[in-house]
$ cat my_file.cif   # mmCIF, C-alpha atoms
data_input
#
loop_
_atom_site.label_atom_id
_atom_site.label_comp_id
_atom_site.auth_asym_id
_atom_site.auth_seq_id
_atom_site.Cartn_x
_atom_site.Cartn_y
_atom_site.Cartn_z
CA MET A 18 210.77 132.12 -58.81
CA LYS A 19 212.15 129.42 -56.53
CA ARG A 20 213.26 132.01 -54.03
CA PHE A 21 209.82 133.59 -54.08
CA ILE A 22 208.18 130.28 -53.19
CA GLU A 23 210.71 129.70 -50.45
CA ARG A 24 209.95 133.11 -48.97
CA CYS A 25 206.23 132.46 -49.17
CA LEU A 26 206.63 129.16 -47.32
CA LEU A 27 208.78 130.80 -44.68
CA ALA A 28 206.20 133.56 -44.16
CA LEU A 29 203.47 130.94 -43.89
CA ALA A 30 205.45 128.95 -41.32
CA MET A 31 206.05 132.08 -39.23
CA ALA A 32 202.38 133.04 -39.39
CA LEU A 33 201.44 129.54 -38.24
CA ALA A 34 203.92 129.69 -35.39
CA LEU A 35 202.50 133.05 -34.32
CA ALA A 36 198.98 131.67 -34.46
CA MET A 37 200.03 128.78 -32.24
CA VAL A 38 201.54 131.16 -29.70
CA ALA A 39 198.34 133.19 -29.68
CA GLN A 40 196.32 130.02 -29.21
CA ALA A 41 198.54 128.89 -26.32
CA LYS A 42 197.79 132.17 -24.58
CA GLU A 43 194.07 131.75 -25.05
CA ALA A 44 194.24 128.28 -23.58
CA LEU A 45 195.16 129.67 -20.15
CA PRO A 46 192.38 128.98 -17.66
CA LEU A 47 190.28 132.09 -17.40
CA ALA A 48 188.60 133.04 -14.19
CA GLU A 49 184.90 132.49 -14.54
CA ASP A 50 184.14 135.31 -12.23
CA GLU A 51 186.59 138.18 -11.92
CA ALA A 52 185.16 139.57 -8.67
CA VAL A 53 185.29 136.19 -6.92
CA GLU A 54 188.83 135.65 -8.12
CA GLN A 55 189.97 139.06 -6.86
CA ARG A 56 188.53 138.44 -3.42
CA LEU A 57 190.05 134.96 -3.41
CA VAL A 58 193.51 136.39 -4.09
CA ALA A 59 193.06 139.14 -1.49
CA ILE A 60 192.14 136.56 1.17
CA ALA A 61 194.65 133.94 0.10
CA GLU A 62 197.53 136.45 0.21
CA GLU A 63 196.90 136.73 3.95
CA LEU A 64 197.05 132.98 4.49
CA ARG A 65 199.93 130.59 4.84
CA CYS A 66 200.09 127.44 2.79
CA LEU A 67 200.55 124.61 5.31
CA VAL A 68 202.51 122.40 2.97
CA CYS A 69 205.12 124.97 1.92
CA GLN A 70 205.02 127.20 4.94
CA ASN A 71 206.82 130.18 3.45
CA GLU A 72 204.41 130.49 0.55
CA SER A 73 201.06 132.16 0.70
CA LEU A 74 197.95 130.23 -0.16
CA ALA A 75 197.56 132.44 -3.21
CA GLY A 76 200.98 131.58 -4.62
CA SER A 77 201.36 127.93 -3.72
CA HIS A 78 201.03 125.06 -6.18
CA ALA A 79 200.65 122.41 -3.50
CA PRO A 80 197.56 120.22 -4.05
CA LEU A 81 196.22 121.18 -0.62
CA ALA A 82 196.53 124.88 -1.50
CA GLU A 83 194.54 124.24 -4.68
CA ASP A 84 191.85 122.43 -2.66
CA LEU A 85 191.71 125.25 -0.14
CA ARG A 86 191.41 127.85 -2.89
CA ARG A 87 188.53 125.82 -4.30
CA GLU A 88 186.84 125.82 -0.87
CA ILE A 89 187.38 129.57 -0.44
CA ARG A 90 185.97 130.17 -3.92
CA SER A 91 182.81 128.24 -3.07
CA LEU A 92 182.50 130.06 0.27
CA ILE A 93 182.73 133.40 -1.53
CA ARG A 94 180.05 132.27 -3.99
CA GLN A 95 177.86 131.35 -1.02
CA GLY A 96 178.09 135.00 0.00
CA LYS A 97 180.34 134.58 3.05
CA THR A 98 182.23 137.64 4.30
CA ASP A 99 186.04 137.74 4.40
CA ALA A 100 185.96 137.32 8.19
CA GLU A 101 183.80 134.20 7.86
CA VAL A 102 186.18 132.70 5.31
CA LEU A 103 189.13 133.41 7.63
CA ASP A 104 187.23 131.77 10.50
CA TYR A 105 186.60 128.72 8.35
CA LEU A 106 190.34 128.21 7.89
CA VAL A 107 191.44 129.24 11.39
CA SER A 108 188.94 126.83 12.99
CA ARG A 109 190.57 123.99 11.04
CA TYR A 110 194.23 124.91 10.89
CA GLY A 111 194.66 127.34 13.79
CA ASP A 112 196.03 130.89 13.94
CA PHE A 113 199.18 129.60 12.27
CA VAL A 114 197.55 129.93 8.83
CA ARG A 115 197.30 133.69 9.27
CA TYR A 116 200.34 135.73 8.39
CA ARG A 117 199.01 138.42 10.73
CA PRO A 118 197.99 136.59 13.89
CA PRO A 119 195.27 138.16 16.06
CA LEU A 120 196.17 140.14 19.18
CA LYS A 121 195.56 137.96 22.23
CA PRO A 122 197.43 136.97 25.41
CA THR A 123 199.59 134.36 23.66
CA THR A 124 200.63 136.82 20.95
CA TRP A 125 201.20 139.91 23.12
CA LEU A 126 204.94 139.29 23.19
CA LEU A 127 204.96 138.73 19.43
CA TRP A 128 203.23 142.03 18.70
CA GLY A 129 204.84 144.01 21.53
CA GLY A 130 208.34 142.55 21.10
CA PRO A 131 209.57 145.08 18.51
CA LEU A 132 208.33 147.97 20.66
CA ILE A 133 210.07 146.54 23.73
CA LEU A 134 213.29 146.16 21.75
CA LEU A 135 212.97 149.73 20.44
CA LEU A 136 212.49 151.11 23.97
CA LEU A 137 215.43 149.04 25.18
CA GLY A 138 217.59 150.39 22.35
CA LEU A 139 216.56 153.99 23.11
CA GLY A 140 217.38 153.43 26.77
CA VAL A 141 220.84 152.11 25.93
CA LEU A 142 221.39 155.03 23.55
CA ALA A 143 220.33 157.60 26.17
CA TYR A 144 222.55 155.95 28.81
CA THR A 145 225.62 155.91 26.55
CA LEU A 146 225.10 159.51 25.43
CA ARG A 147 224.80 160.73 29.02
CA HIS A 148 227.81 158.80 30.30
CA ARG A 149 230.11 159.59 27.40
CA PRO A 150 233.38 161.17 28.62
CA LYS A 151 233.56 164.88 27.70
CA ILE A 152 236.03 165.69 24.95
CA GLU A 153 238.24 168.72 25.52
CA ALA A 154 237.17 171.13 22.81
CA GLU A 155 239.15 174.19 23.90
CA LEU A 156 242.18 175.12 21.79
CA SER A 157 245.36 176.57 23.16
CA ALA A 158 246.61 179.96 21.91
CA ALA A 159 249.35 178.30 19.83
CA GLU A 160 246.83 176.00 18.17
CA ARG A 161 244.61 178.99 17.45
CA THR A 162 247.32 180.91 15.61
CA GLN A 163 248.24 177.74 13.70
CA ALA A 164 244.66 177.21 12.64
CA ALA A 165 244.32 180.87 11.61
CA LYS A 166 247.46 180.54 9.51
CA LEU A 167 246.14 177.46 7.76
CA LEU A 168 242.84 179.12 7.02
CA GLU A 169 244.45 182.22 5.57
CA LEU A 170 246.26 180.25 2.92
CA MET B 18 237.03 147.63 35.64
CA ARG B 19 234.31 148.03 33.05
CA ARG B 20 232.70 144.90 31.74
CA VAL B 21 230.61 146.63 29.09
CA PHE B 22 232.46 144.77 26.37
CA LEU B 23 230.93 141.55 27.74
CA VAL B 24 227.39 142.69 26.91
CA PRO B 25 227.46 141.78 23.17
CA LEU B 26 228.96 138.42 24.07
CA LEU B 27 226.18 137.83 26.58
CA LEU B 28 223.56 138.86 24.02
CA PHE B 29 225.12 136.47 21.55
CA PHE B 30 224.78 133.58 24.01
CA VAL B 31 221.15 134.45 24.71
CA LEU B 32 220.43 134.55 20.98
CA ALA B 33 222.33 131.31 20.40
CA ALA B 34 220.32 129.63 23.15
CA PHE B 35 217.04 130.70 21.60
CA LEU B 36 218.11 129.51 18.16
CA ALA B 37 219.36 126.20 19.60
CA ILE B 38 215.96 125.60 21.22
CA GLY B 39 214.34 126.52 17.91
CA LEU B 40 216.37 123.86 16.11
CA THR B 41 214.98 121.10 18.32
CA ARG B 42 211.39 121.93 17.37
CA ASP B 43 209.63 120.74 14.25
CA PRO B 44 208.08 123.66 12.36
CA ARG B 45 205.81 121.23 10.51
CA GLU B 46 203.99 120.40 13.72
CA VAL B 47 201.28 122.99 13.98
CA PRO B 48 199.10 122.69 17.08
CA SER B 49 195.63 121.75 15.93
CA PRO B 50 192.72 123.85 17.13
CA LEU B 51 190.59 120.70 16.82
CA VAL B 52 192.03 118.99 19.89
CA GLY B 53 189.36 119.16 22.60
CA ARG B 54 186.60 119.80 20.07
CA PRO B 55 184.02 117.37 18.65
CA ALA B 56 185.26 115.47 15.61
CA PRO B 57 183.66 116.96 12.48
CA GLY B 58 180.86 114.80 11.15
CA PHE B 59 180.84 113.26 7.68
CA GLN B 60 179.19 110.56 5.60
CA LEU B 61 181.56 108.78 3.27
CA PRO B 62 181.50 105.58 1.24
CA ARG B 63 183.63 102.70 2.46
CA LEU B 64 186.60 101.39 0.58
CA ALA B 65 185.49 98.04 -0.83
CA ALA B 66 185.51 96.33 -4.19
CA ALA B 67 181.94 95.08 -4.22
CA GLY B 68 179.26 93.50 -2.09
CA PRO B 69 177.17 94.98 0.69
CA GLU B 70 180.17 96.78 2.17
CA ALA B 71 180.63 98.90 -0.96
CA ALA B 72 177.19 100.41 -0.53
CA ALA B 73 177.60 101.03 3.20
CA ARG B 74 178.70 104.44 4.36
CA PHE B 75 180.70 105.43 7.38
CA SER B 76 180.07 108.27 9.76
CA PRO B 77 182.02 109.12 12.96
CA SER B 78 178.74 108.84 14.88
CA ASP B 79 178.85 105.07 14.16
CA MET B 80 181.69 104.92 16.69
CA LYS B 81 179.85 106.73 19.52
CA GLY B 82 180.59 105.17 22.89
CA LYS B 83 183.99 103.84 21.85
CA VAL B 84 187.48 105.23 21.98
CA TRP B 85 188.82 104.94 18.44
CA LEU B 86 191.57 106.07 16.11
CA LEU B 87 191.11 107.79 12.78
CA ASN B 88 194.18 107.40 10.60
CA VAL B 89 194.50 109.45 7.41
CA TRP B 90 196.38 107.51 4.74
CA ALA B 91 196.91 107.24 1.00
CA SER B 92 198.64 104.83 -1.33
CA TRP B 93 200.76 107.68 -2.72
CA CYS B 94 201.99 108.64 0.74
CA VAL B 95 205.55 107.53 1.39
CA SER B 96 205.63 108.05 5.17
CA CYS B 97 202.50 105.89 5.45
CA ARG B 98 204.72 102.91 4.64
CA GLU B 99 206.97 103.85 7.50
CA GLU B 100 204.05 103.91 9.90
CA HIS B 101 202.26 100.85 8.51
CA PRO B 102 204.02 98.14 10.56
CA VAL B 103 203.15 100.06 13.74
CA LEU B 104 199.48 100.17 12.74
CA LEU B 105 199.49 96.46 11.84
CA GLU B 106 200.95 95.64 15.24
CA LEU B 107 198.33 97.84 16.91
CA ALA B 108 195.55 96.07 14.99
CA ARG B 109 196.97 92.66 15.93
CA ARG B 110 196.79 93.57 19.62
CA GLY B 111 193.20 94.71 19.14
CA VAL B 112 193.22 97.32 21.93
CA VAL B 113 191.45 99.98 19.94
CA PRO B 114 189.40 100.14 16.73
CA LEU B 115 191.35 101.76 13.91
CA VAL B 116 189.43 103.48 11.12
CA GLY B 117 191.19 104.66 7.99
CA LEU B 118 190.45 107.79 6.03
CA ASN B 119 191.68 107.14 2.52
CA TYR B 120 192.65 110.66 1.48
CA LYS B 121 192.63 111.83 -2.17
CA ASP B 122 193.43 108.41 -3.52
CA GLY B 123 192.21 106.12 -6.27
CA SER B 124 190.07 103.28 -4.93
CA ALA B 125 191.87 100.65 -7.01
CA ASP B 126 195.29 101.97 -5.90
CA ALA B 127 194.17 102.02 -2.28
CA GLN B 128 192.90 98.45 -2.37
CA ARG B 129 196.04 97.23 -4.07
CA TRP B 130 198.10 98.99 -1.42
CA LEU B 131 196.18 97.32 1.41
CA ALA B 132 196.43 93.92 -0.29
CA GLN B 133 200.16 94.37 -0.64
CA HIS B 134 201.01 95.79 2.79
CA GLY B 135 198.23 94.34 4.93
CA ASN B 136 195.06 95.96 6.21
CA PRO B 137 195.08 97.14 9.83
CA TYR B 138 191.79 99.01 9.47
CA LEU B 139 188.36 98.04 10.70
CA LEU B 140 187.25 99.91 7.57
CA SER B 141 188.43 102.79 5.46
CA ALA B 142 186.26 105.74 4.48
CA VAL B 143 186.95 107.20 1.06
CA ASP B 144 187.63 110.92 0.95
CA GLN B 145 188.18 111.29 -2.76
CA ASP B 146 188.19 115.09 -3.07
CA GLY B 147 189.80 115.83 0.29
CA ARG B 148 186.89 117.83 1.71
CA VAL B 149 186.68 115.82 4.92
CA GLY B 150 190.45 116.13 5.19
CA ILE B 151 190.07 119.90 5.17
CA ASP B 152 187.42 119.70 7.90
CA TYR B 153 189.90 117.74 9.99
CA GLY B 154 192.71 120.18 9.25
CA VAL B 155 194.79 117.56 7.43
CA TYR B 156 197.83 119.03 5.73
CA GLY B 157 200.39 116.26 5.78
CA VAL B 158 199.45 112.62 5.40
CA PRO B 159 199.67 110.50 7.55
CA GLU B 160 197.81 112.02 10.45
CA THR B 161 196.09 110.22 13.29
CA TYR B 162 193.33 111.37 15.61
CA VAL B 163 192.40 109.83 18.96
CA ILE B 164 188.66 110.27 19.46
CA ASP B 165 186.89 109.52 22.74
CA GLN B 166 183.51 107.98 23.59
CA ALA B 167 181.73 111.34 23.26
CA GLY B 168 183.24 111.94 19.83
CA VAL B 169 185.75 114.56 21.01
CA ILE B 170 189.22 114.68 19.45
CA ARG B 171 191.72 114.15 22.26
CA TYR B 172 195.00 113.97 20.40
CA LYS B 173 196.34 114.55 16.92
CA GLN B 174 199.51 113.01 15.59
CA ILE B 175 200.96 114.80 12.58
CA GLY B 176 203.18 112.58 10.52
CA PRO B 177 203.81 108.87 11.03
CA ILE B 178 203.18 107.25 14.41
CA SER B 179 206.41 105.68 15.52
CA ALA B 180 206.50 102.70 17.88
CA GLU B 181 207.82 105.11 20.51
CA VAL B 182 205.00 107.64 20.10
CA LEU B 183 202.51 104.77 20.26
CA GLN B 184 204.00 103.46 23.52
CA THR B 185 204.59 106.76 25.27
CA LYS B 186 201.67 108.89 24.09
CA VAL B 187 198.89 107.14 22.21
CA LEU B 188 198.44 103.92 24.18
CA PRO B 189 198.55 105.56 27.65
CA LEU B 190 195.98 108.12 26.48
CA ILE B 191 193.72 105.38 25.09
CA ARG B 192 193.95 103.39 28.35
CA GLU B 193 193.13 106.54 30.30
CA LEU B 194 190.13 107.32 28.08
CA GLN B 195 188.85 103.74 28.12
CA LYS B 196 188.81 103.76 31.94
CA SER B 197 186.49 106.74 32.13
#

$ encode --input "my_file.cif" --output "structure tokens"
Amino acid sequence: MKRFIERCLLALAMALALAMVAQAKEALPLAEDEAVEQRLVAIAEELRCLVCQNESLAGSHAPLAEDLRREIRSLIRQGKTDAEVLDYLVSRYGDFVRYRPPLKPTTWLLWGGPLILLLLGLGVLAYTLRHRPKIEAELSAAERTQAAKLLEL
Amino acid sequence: MRRVFLVPLLLFFVLAAFLAIGLTRDPREVPSPLVGRPAPGFQLPRLAAAGPEAAARFSPSDMKGKVWLLNVWASWCVSCREEHPVLLELARRGVVPLVGLNYKDGSADAQRWLAQHGNPYLLSAVDQDGRVGIDYGVYGVPETYVIDQAGVIRYKQIGPISAEVLQTKVLPLIRELQKS
């Protein structure tokens, strides 16, 4: 009988613990508006958090990032397009906030650099291949018979 | 006869030079697109305990016709302490009006901070939720803006103003602007 009560109590405790876990999950802040939240994440992924510069605005926990997400959310609710939201941030923080900076004279080298390096590499490769000393590929008669013998085995 | 083996070495030195230059630059200093543009307008309450000043609001247009400084500060900001003696000295000399923007701070904390460290500001505007800060592109307190007679931002200092920056950059610029 005593063991039965003990087991009952244990089961009750476990059920309570489970209920608490379930409750903790429910307590997570839910997005009021799924569509707004999805657009927010899509935009914020493209933006740099200025406080922790290697984090995106979507992933950063810095207070400024939270404020900026709040501003973006309200801009989206006002019906602004993605480009307008980007402009809002670029006009305040500069092109630096964009992970993909726009193509303009100051960023030509940035965008064209990899292509220039690729062409340079191809040039070096072509030059080395053309100027490589020829390797003597012809075999002498003695080498031929030796090779034939080895292959026959 | 062939010096081809020197090419990687040469490339290494070029790369090392670029990286060395990179080390001398501060990645936290992002050029502000606001320099050369009109200072964003706002209407904010002033930092004051009570009395007529508490009801008064501040707007950048109040400073039209003057060269002035807008300094973003907060009581929770550690580097603001570093910069504070420089601001106090600047206020003592009285060459330029200094307006504070109390950024995301508690009013009581802010007033206590000023009482404790001294108040160099003509007045401080209270930006409780940081919206005005966003309009000014603030991302690291303290920041300081030099604004000219027409209300155009002429210079932005990110991080504390050192005595050296004040002497070599800010004061000469202010003198230049005040002449025109």

$ interface_residues --input "my_file.cif" --of "chain B" --to "chain A" --cutoff "12 Å" --atoms "all atoms listed in the file" --output "mmCIF file with C-alpha atoms, keeping the file's coordinate frame"
data_model
loop_
_atom_site.group_PDB
_atom_site.id
_atom_site.type_symbol
_atom_site.label_atom_id
_atom_site.label_comp_id
_atom_site.auth_asym_id
_atom_site.auth_seq_id
_atom_site.Cartn_x
_atom_site.Cartn_y
_atom_site.Cartn_z
ATOM 1 C CA VAL B 21 230.610 146.630 29.090
ATOM 2 C CA VAL B 24 227.390 142.690 26.910
ATOM 3 C CA PRO B 44 208.080 123.660 12.360
ATOM 4 C CA ARG B 45 205.810 121.230 10.510
ATOM 5 C CA GLU B 46 203.990 120.400 13.720
ATOM 6 C CA VAL B 47 201.280 122.990 13.980
ATOM 7 C CA PRO B 48 199.100 122.690 17.080
ATOM 8 C CA SER B 49 195.630 121.750 15.930
ATOM 9 C CA PRO B 50 192.720 123.850 17.130
ATOM 10 C CA LEU B 51 190.590 120.700 16.820
ATOM 11 C CA VAL B 52 192.030 118.990 19.890
ATOM 12 C CA ARG B 54 186.600 119.800 20.070
ATOM 13 C CA ALA B 56 185.260 115.470 15.610
ATOM 14 C CA PRO B 57 183.660 116.960 12.480
ATOM 15 C CA TYR B 120 192.650 110.660 1.480
ATOM 16 C CA LYS B 121 192.630 111.830 -2.170
ATOM 17 C CA GLN B 145 188.180 111.290 -2.760
ATOM 18 C CA ASP B 146 188.190 115.090 -3.070
ATOM 19 C CA GLY B 147 189.800 115.830 0.290
ATOM 20 C CA ARG B 148 186.890 117.830 1.710
ATOM 21 C CA VAL B 149 186.680 115.820 4.920
ATOM 22 C CA GLY B 150 190.450 116.130 5.190
ATOM 23 C CA ILE B 151 190.070 119.900 5.170
ATOM 24 C CA ASP B 152 187.420 119.700 7.900
ATOM 25 C CA TYR B 153 189.900 117.740 9.990
ATOM 26 C CA GLY B 154 192.710 120.180 9.250
ATOM 27 C CA VAL B 155 194.790 117.560 7.430
ATOM 28 C CA TYR B 156 197.830 119.030 5.730
ATOM 29 C CA GLY B 157 200.390 116.260 5.780
ATOM 30 C CA VAL B 158 199.450 112.620 5.400
#

$ residues_around --input "my_file.cif" --residues "Asn136 of chain B" --least-positions-apart "6" --cutoff "10 Å" --atoms "only C-alpha atoms" --output "list of chain:residue names"
B:His101, B:Leu104, B:Leu105, B:Ala108, B:Gly117, B:Gln128, B:Trp130

$ atom_distance --input "my_file.cif" --atom1 "atom CA of Arg94 of chain A" --atom2 "atom CA of Asn71 of chain A"
27.9 Å

$ resolve_selection --input "my_file.cif" --expression "the PyMOL selection byres ((chain B and resi 165-172) around 7)" --output "PDB file with C-alpha atoms, keeping the file's coordinate frame"
ATOM      1  CA  LEU B  51     190.590 120.700  16.820  1.00  0.00           C
ATOM      2  CA  VAL B  52     192.030 118.990  19.890  1.00  0.00           C
ATOM      3  CA  GLY B  53     189.360 119.160  22.600  1.00  0.00           C
ATOM      4  CA  ARG B  54     186.600 119.800  20.070  1.00  0.00           C
ATOM      5  CA  PRO B  55     184.020 117.370  18.650  1.00  0.00           C
ATOM      6  CA  ALA B  56     185.260 115.470  15.610  1.00  0.00           C
ATOM      7  CA  LYS B  81     179.850 106.730  19.520  1.00  0.00           C
ATOM      8  CA  GLY B  82     180.590 105.170  22.890  1.00  0.00           C
ATOM      9  CA  LYS B  83     183.990 103.840  21.850  1.00  0.00           C
ATOM     10  CA  VAL B  84     187.480 105.230  21.980  1.00  0.00           C
ATOM     11  CA  TRP B  85     188.820 104.940  18.440  1.00  0.00           C
ATOM     12  CA  TYR B 162     193.330 111.370  15.610  1.00  0.00           C
ATOM     13  CA  VAL B 163     192.400 109.830  18.960  1.00  0.00           C
ATOM     14  CA  ILE B 164     188.660 110.270  19.460  1.00  0.00           C
ATOM     15  CA  LYS B 173     196.340 114.550  16.920  1.00  0.00           C
ATOM     16  CA  GLN B 174     199.510 113.010  15.590  1.00  0.00           C
ATOM     17  CA  LEU B 194     190.130 107.320  28.080  1.00  0.00           C
TER      18      LEU B 194
END

$ atom_distance --input "my_file.cif" --atom1 "atom CA of Val141 of chain A" --atom2 "atom CA of Trp125 of chain A"
23.3 Å

$ resolve_selection --input "my_file.cif" --expression "the PyMOL selection byres ((chain B and resi 142) around 6)" --output "PDB file with C-alpha atoms, keeping the file's coordinate frame"
ATOM      1  CA  LEU B  61     181.560 108.780   3.270  1.00  0.00           C
ATOM      2  CA  PRO B  62     181.500 105.580   1.240  1.00  0.00           C
ATOM      3  CA  ARG B  63     183.630 102.700   2.460  1.00  0.00           C
ATOM      4  CA  LEU B  64     186.600 101.390   0.580  1.00  0.00           C
ATOM      5  CA  LEU B 118     190.450 107.790   6.030  1.00  0.00           C
ATOM      6  CA  ASN B 119     191.680 107.140   2.520  1.00  0.00           C
ATOM      7  CA  SER B 141     188.430 102.790   5.460  1.00  0.00           C
ATOM      8  CA  VAL B 143     186.950 107.200   1.060  1.00  0.00           C
TER       9      VAL B 143
END

$ residues_around --input "my_file.cif" --residues "Ser91 of chain A" --least-positions-apart "2" --cutoff "12 Å" --atoms "all atoms listed in the file" --output "list in words"
Asp50, Val53, Glu54, Arg56, Leu57, Asp84, Leu85, Arg86, Arg87, Glu88, Ile89, Ile93, Arg94, Gln95, Gly96, Lys97, Thr98 and Val102 of chain A

$ closest_residue --input "my_file.cif" --among "B:Cys94, B:Pro102, B:Ala65, B:Ile38" --to "Ser124 of chain B" --atoms "all atoms listed in the file"
B:Ala65

$ atom_distance --input "my_file.cif" --atom1 "atom CA of Gly123 of chain B" --atom2 "atom CA of Asn88 of chain B"
17.0 Å

$ axis_aligned_box --input "my_file.cif" --around "segment 101-106 of chain A" --padding-each-side "3 Å" --output "JSON"
{"center_x": 187.1, "center_y": 131.2, "center_z": 7.9, "size_x": 12.5, "size_y": 12.0, "size_z": 11.2}

$ resolve_selection --input "my_file.cif" --expression "the PyMOL selection byres ((chain B and resi 112) around 10)" --output "PyMOL selection string"
chain B and resi 84-85+107-111+113-115+188+191-192+195

$ build_atoms --input "my_file.cif" --residues "segment 138-150 of chain A" --atoms "N, CA and C atoms" --output "PDB file, in the coordinates of the input"
ATOM      1  N   GLY A 138     216.532 149.761  23.147  1.00  0.00           N
ATOM      2  CA  GLY A 138     217.590 150.390  22.350  1.00  0.00           C
ATOM      3  C   GLY A 138     217.699 151.876  22.667  1.00  0.00           C
ATOM      4  N   LEU A 139     216.552 152.558  22.788  1.00  0.00           N
ATOM      5  CA  LEU A 139     216.560 153.990  23.110  1.00  0.00           C
ATOM      6  C   LEU A 139     217.167 154.217  24.491  1.00  0.00           C
ATOM      7  N   GLY A 140     216.836 153.327  25.415  1.00  0.00           N
ATOM      8  CA  GLY A 140     217.380 153.430  26.770  1.00  0.00           C
ATOM      9  C   GLY A 140     218.898 153.320  26.759  1.00  0.00           C
ATOM     10  N   VAL A 141     219.392 152.313  26.029  1.00  0.00           N
ATOM     11  CA  VAL A 141     220.840 152.110  25.930  1.00  0.00           C
ATOM     12  C   VAL A 141     221.497 153.330  25.297  1.00  0.00           C
ATOM     13  N   LEU A 142     220.856 153.863  24.258  1.00  0.00           N
ATOM     14  CA  LEU A 142     221.390 155.030  23.550  1.00  0.00           C
ATOM     15  C   LEU A 142     221.468 156.234  24.507  1.00  0.00           C
ATOM     16  N   ALA A 143     220.369 156.469  25.249  1.00  0.00           N
ATOM     17  CA  ALA A 143     220.330 157.600  26.170  1.00  0.00           C
ATOM     18  C   ALA A 143     221.412 157.453  27.247  1.00  0.00           C
ATOM     19  N   TYR A 144     221.556 156.215  27.754  1.00  0.00           N
ATOM     20  CA  TYR A 144     222.550 155.950  28.810  1.00  0.00           C
ATOM     21  C   TYR A 144     223.964 156.236  28.288  1.00  0.00           C
ATOM     22  N   THR A 145     224.260 155.719  27.090  1.00  0.00           N
ATOM     23  CA  THR A 145     225.620 155.910  26.550  1.00  0.00           C
ATOM     24  C   THR A 145     225.884 157.387  26.267  1.00  0.00           C
ATOM     25  N   LEU A 146     224.895 158.094  25.745  1.00  0.00           N
ATOM     26  CA  LEU A 146     225.100 159.510  25.430  1.00  0.00           C
ATOM     27  C   LEU A 146     225.374 160.292  26.706  1.00  0.00           C
ATOM     28  N   ARG A 147     224.655 159.978  27.783  1.00  0.00           N
ATOM     29  CA  ARG A 147     224.800 160.730  29.020  1.00  0.00           C
ATOM     30  C   ARG A 147     226.135 160.433  29.691  1.00  0.00           C
ATOM     31  N   HIS A 148     226.586 159.188  29.580  1.00  0.00           N
ATOM     32  CA  HIS A 148     227.810 158.800  30.300  1.00  0.00           C
ATOM     33  C   HIS A 148     229.053 158.852  29.436  1.00  0.00           C
ATOM     34  N   ARG A 149     228.931 159.513  28.265  1.00  0.00           N
ATOM     35  CA  ARG A 149     230.110 159.590  27.400  1.00  0.00           C
ATOM     36  C   ARG A 149     231.120 160.572  28.010  1.00  0.00           C
ATOM     37  N   PRO A 150     232.399 160.227  28.076  1.00  0.00           N
ATOM     38  CA  PRO A 150     233.380 161.170  28.620  1.00  0.00           C
ATOM     39  C   PRO A 150     233.455 162.420  27.751  1.00  0.00           C
TER      40      PRO A 150
END
